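What follows is a short report on a single structure.
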Amino acid sequence: MIPKNKYQKEYIFRINKVIDFIYANLDKSLDLITLSSVANFSPYHFHRIFSTFTGETLNGFVKRLRIEKAASLLISESEKPINEIAYYCGYNSSSVFSREFKNYFNCTAKIYREKMLIELSKIGQENSKIDKLKKSSTDYIRIVELNKKWRKIMKTNIEVKEMPEMDLIYCRHIGQFDQIGQVYEKLFKWAGPRGLVNNNTKTITVYHDDPKITDLDKVRQSAGIVVHSDVKPEGEFGKLTVPKDKYAVGRFEIDVTEFEQAWNAMCIWVSESGYQPSDGNPYELYHKDPENHPEHKFELDICIPVKPL
């Protein structure tokens with residue numbers, strides 16, 4: 001059963017459109033730019049939207065469909081050479097196809113074909129077996145499950161509102177999320193003697209890459225503090241302005257293990273809101289140091305720039 005929210009239905013329509021496009025073009029290049037254009041979402045946000053709604057990364061989904069399509073053709077077109085099937089399913093290298101097929105089915109394509117044809121000839125259920133490798137696009141949409149899951153776990157208030165322009169002094173972090181604390185320590189050691197830190201200081205992490213697209217060791221984040229006066233940057237401490245804009249803003253109180261769930265909750269909420277992510281950078285605005293929280297939780301706003309759907 002698909003939810004009746006008209007805005008979420010638009011998201012589902014767009015994702016189904018992409019899935020149908022993938023099915024029809026498995027022999028072609030299916031990169032992020034192409035597929036996000038089909039969906040009419042920005043490339044930056046599309047990968048998270050897709051993986052949140054389907055439970056698979058975009059690259060993983062394409063790879064799986066190619067392998068499953070090849071497996072189906074090995075049976076339904078049993079006389080066609082394996083290398084031709086590989087090429088038809090988007091593999092320009094037979095060695096890459098052989099490796100990925102074996103990783104997925106735990107046997108070579110040749111052995112898979114032989115075993116399946118023997119089995120199907122015995123039980124006379126060729127069509128039903130082949131059909132198990134085929135799915136409609138709606139099979140991959142799991143909105144109802146996600147809505148129940150995230151809303152149960154994430155008790156939050158989310159709204160679309162205009163967030164003010166904020167000037168930051170930042171230190172850039174590249175790599176694993178759990179290492180950004182070291183960058184904040186460095187930033188505070190620099191900012192403290194300059195009178196930029198007090199009890200009302202707000203900290204912000206600005207995301208420049210989507211971790212579901214970019215390798216984690218290459219993801220860029222800016223660890224920043226909000227400043228209210230002109231501050232001269234130096235060395236690795238730069239200036240950055242977060243623009244005034246319309247954002248979907250969700251207030252969360254979470255521990256370090258729940259950030260991905262919180263971001264997925266935001267993605268689901270935005271899909272129901274009549275908005276879609278715009279091209280700006282999302283950020284986390286922290287309200288309390290977890291060291292001062294009785295359960296060492298983060299109190300923060302997740303802010304995603306949006307525009308009308």
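Chain lettering (A, B, ...) mirrors the order of the structure tokens, residue numbering begins at 1 for each chain separately, and ligand numbering begins at 1 in order of display.
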
Would you write out, as a Markdown table, a table of all residues in stretch 176-207 of chain A that have an atom no more than 10 Å from an atom of stretch 231-235 of chain A, listing for each the closest atom pair and the distance in Å to one decimal, considering only C-alpha atoms and ordering rows by chain and rising residue number?
| residue | atom | partner | partner_atom | distance |
| --- | --- | --- | --- | --- |
| A:Ala191 | CA | A:Val231 | CA | 10.0 |
| A:Arg194 | CA | A:Val231 | CA | 9.1 |
| A:Leu196 | CA | A:Val231 | CA | 9.0 |

### Message
Could you pull out the alpha helix (DSSP H) residues of stretch 14-93 of chain A, going by DSSP on the backbone, and write them as number ranges by chain?
### Response
A: 14-24, 32-39, 43-54, 58-76, 82-88

### Task
Have a look at A:Val160, A:Cys303, A:Ala109, A:Ile268 and name the one nearest to A:Ser51; count only C-alpha atoms.
A:Ile268

#### Entry: Residue neighbourhood A:Tyr275, 8 Å, only C-alpha atoms, exclusion window fewer than 6 positions, as a list in words
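Final neighbour list, sorted by chain and number: Tyr7, Val306, Lys307, Pro308 and Leu309 of chain A.
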
#### Entry: stretch 60-300 of chain A: residues DSSP assigns to strand (DSSP E), reported as JSON, numbers by chain
{"A": [157, 158, 159, 160, 161, 162, 163, 166, 167, 168, 169, 170, 171, 172, 173, 174, 203, 204, 205, 206, 207, 220, 221, 222, 223, 224, 225, 226, 227, 237, 238, 239, 240, 241, 242, 245, 246, 247, 248, 249, 250, 251, 252, 253, 254, 275, 276, 277, 283, 284, 285, 286, 287, 288, 298, 299, 300]}

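With distances restricted to only C-alpha atoms, A:Ser78 is the closest residue to A:Ile118 from A:Asn16, A:Leu216, A:Ser78, A:Glu84.
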
### Message
Applying 9 Å and only C-alpha atoms, which residues near A:Phe298 remain after dropping the ones on its own chain fewer than 5 positions away? List them as a PyMOL selection string.
### Response
chain A and resi 252-256+286-291+293

Keeping only C-alpha atoms, write the selected residues as a compact mmCIF listing (two decimals), in the first residue's frame.
# COMPACT_ATOMS: atom_id res chain seq x y z
CA PHE A 252 16.68 16.27 17.44
CA GLU A 253 18.07 14.95 20.69
CA ILE A 254 20.17 11.96 19.67
CA ASP A 255 23.28 10.01 20.51
CA VAL A 256 26.22 9.54 18.20
CA TYR A 286 24.19 22.37 17.66
CA HIS A 287 22.52 23.82 20.75
CA LYS A 288 24.29 21.98 23.55
CA ASP A 289 27.62 20.30 24.04
CA PRO A 290 26.93 16.58 24.57
CA GLU A 291 29.39 16.67 27.45
CA HIS A 293 23.93 16.54 28.52

### Query
Could you pull the residues within 10 Å of A:Leu73, counting only C-alpha atoms, minus those fewer than 6 positions along the same chain, as number ranges by chain?
A: 67, 79-80, 82, 85-86, 88-89, 113, 130

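For A:Tyr44, the residues within 10 Å (counting only C-alpha atoms, excluding itself and residues fewer than 3 positions away along the chain) are Leu32, Ile33, Ser36, Phe41, His47, Arg48, Ile49, His208, Asp209, Asp210, Lys212, Ile213, Pro277, Ser278, Asp279, Gly280 and Asn281 of chain A.
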
### Message
Using Å and a single decimal, report how far atom CA of A:Gly55 sits from atom CA of A:Thr205.
### Response
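Atom CA of A:Gly55 lies 25.6 Å from atom CA of A:Thr205.
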
### Query
If we count only C-alpha atoms, what is near A:Gln179 at a cut-off of 12 Å, once residues fewer than 6 positions away on the same chain are taken out, given as a list in words?
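Contacts, in chain order: Arg172, His173, Glu185, Lys186, Leu216, Asp217, Val219, Arg220, Gln221 and Ala223 of chain A.
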
#### Entry: Separation of atom CA of A:Asn59 from atom CA of A:Ile22 in Å
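Going from atom CA of A:Ile22 over to atom CA of A:Asn59, I get 11.0 Å.
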
### Task
Quote the spacing between atom CA of A:Asp31 and atom CA of A:Phe101 in Å to one decimal place.
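For atom CA of A:Asp31 relative to atom CA of A:Phe101, the distance reads 20.6 Å.
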
### Query
Nearest to A:Pro81 among A:Lys28, A:Lys110, A:Lys218, A:Lys244, with distances taken over only C-alpha atoms: which residue is it?
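The answer is A:Lys110, which sits nearest to A:Pro81.
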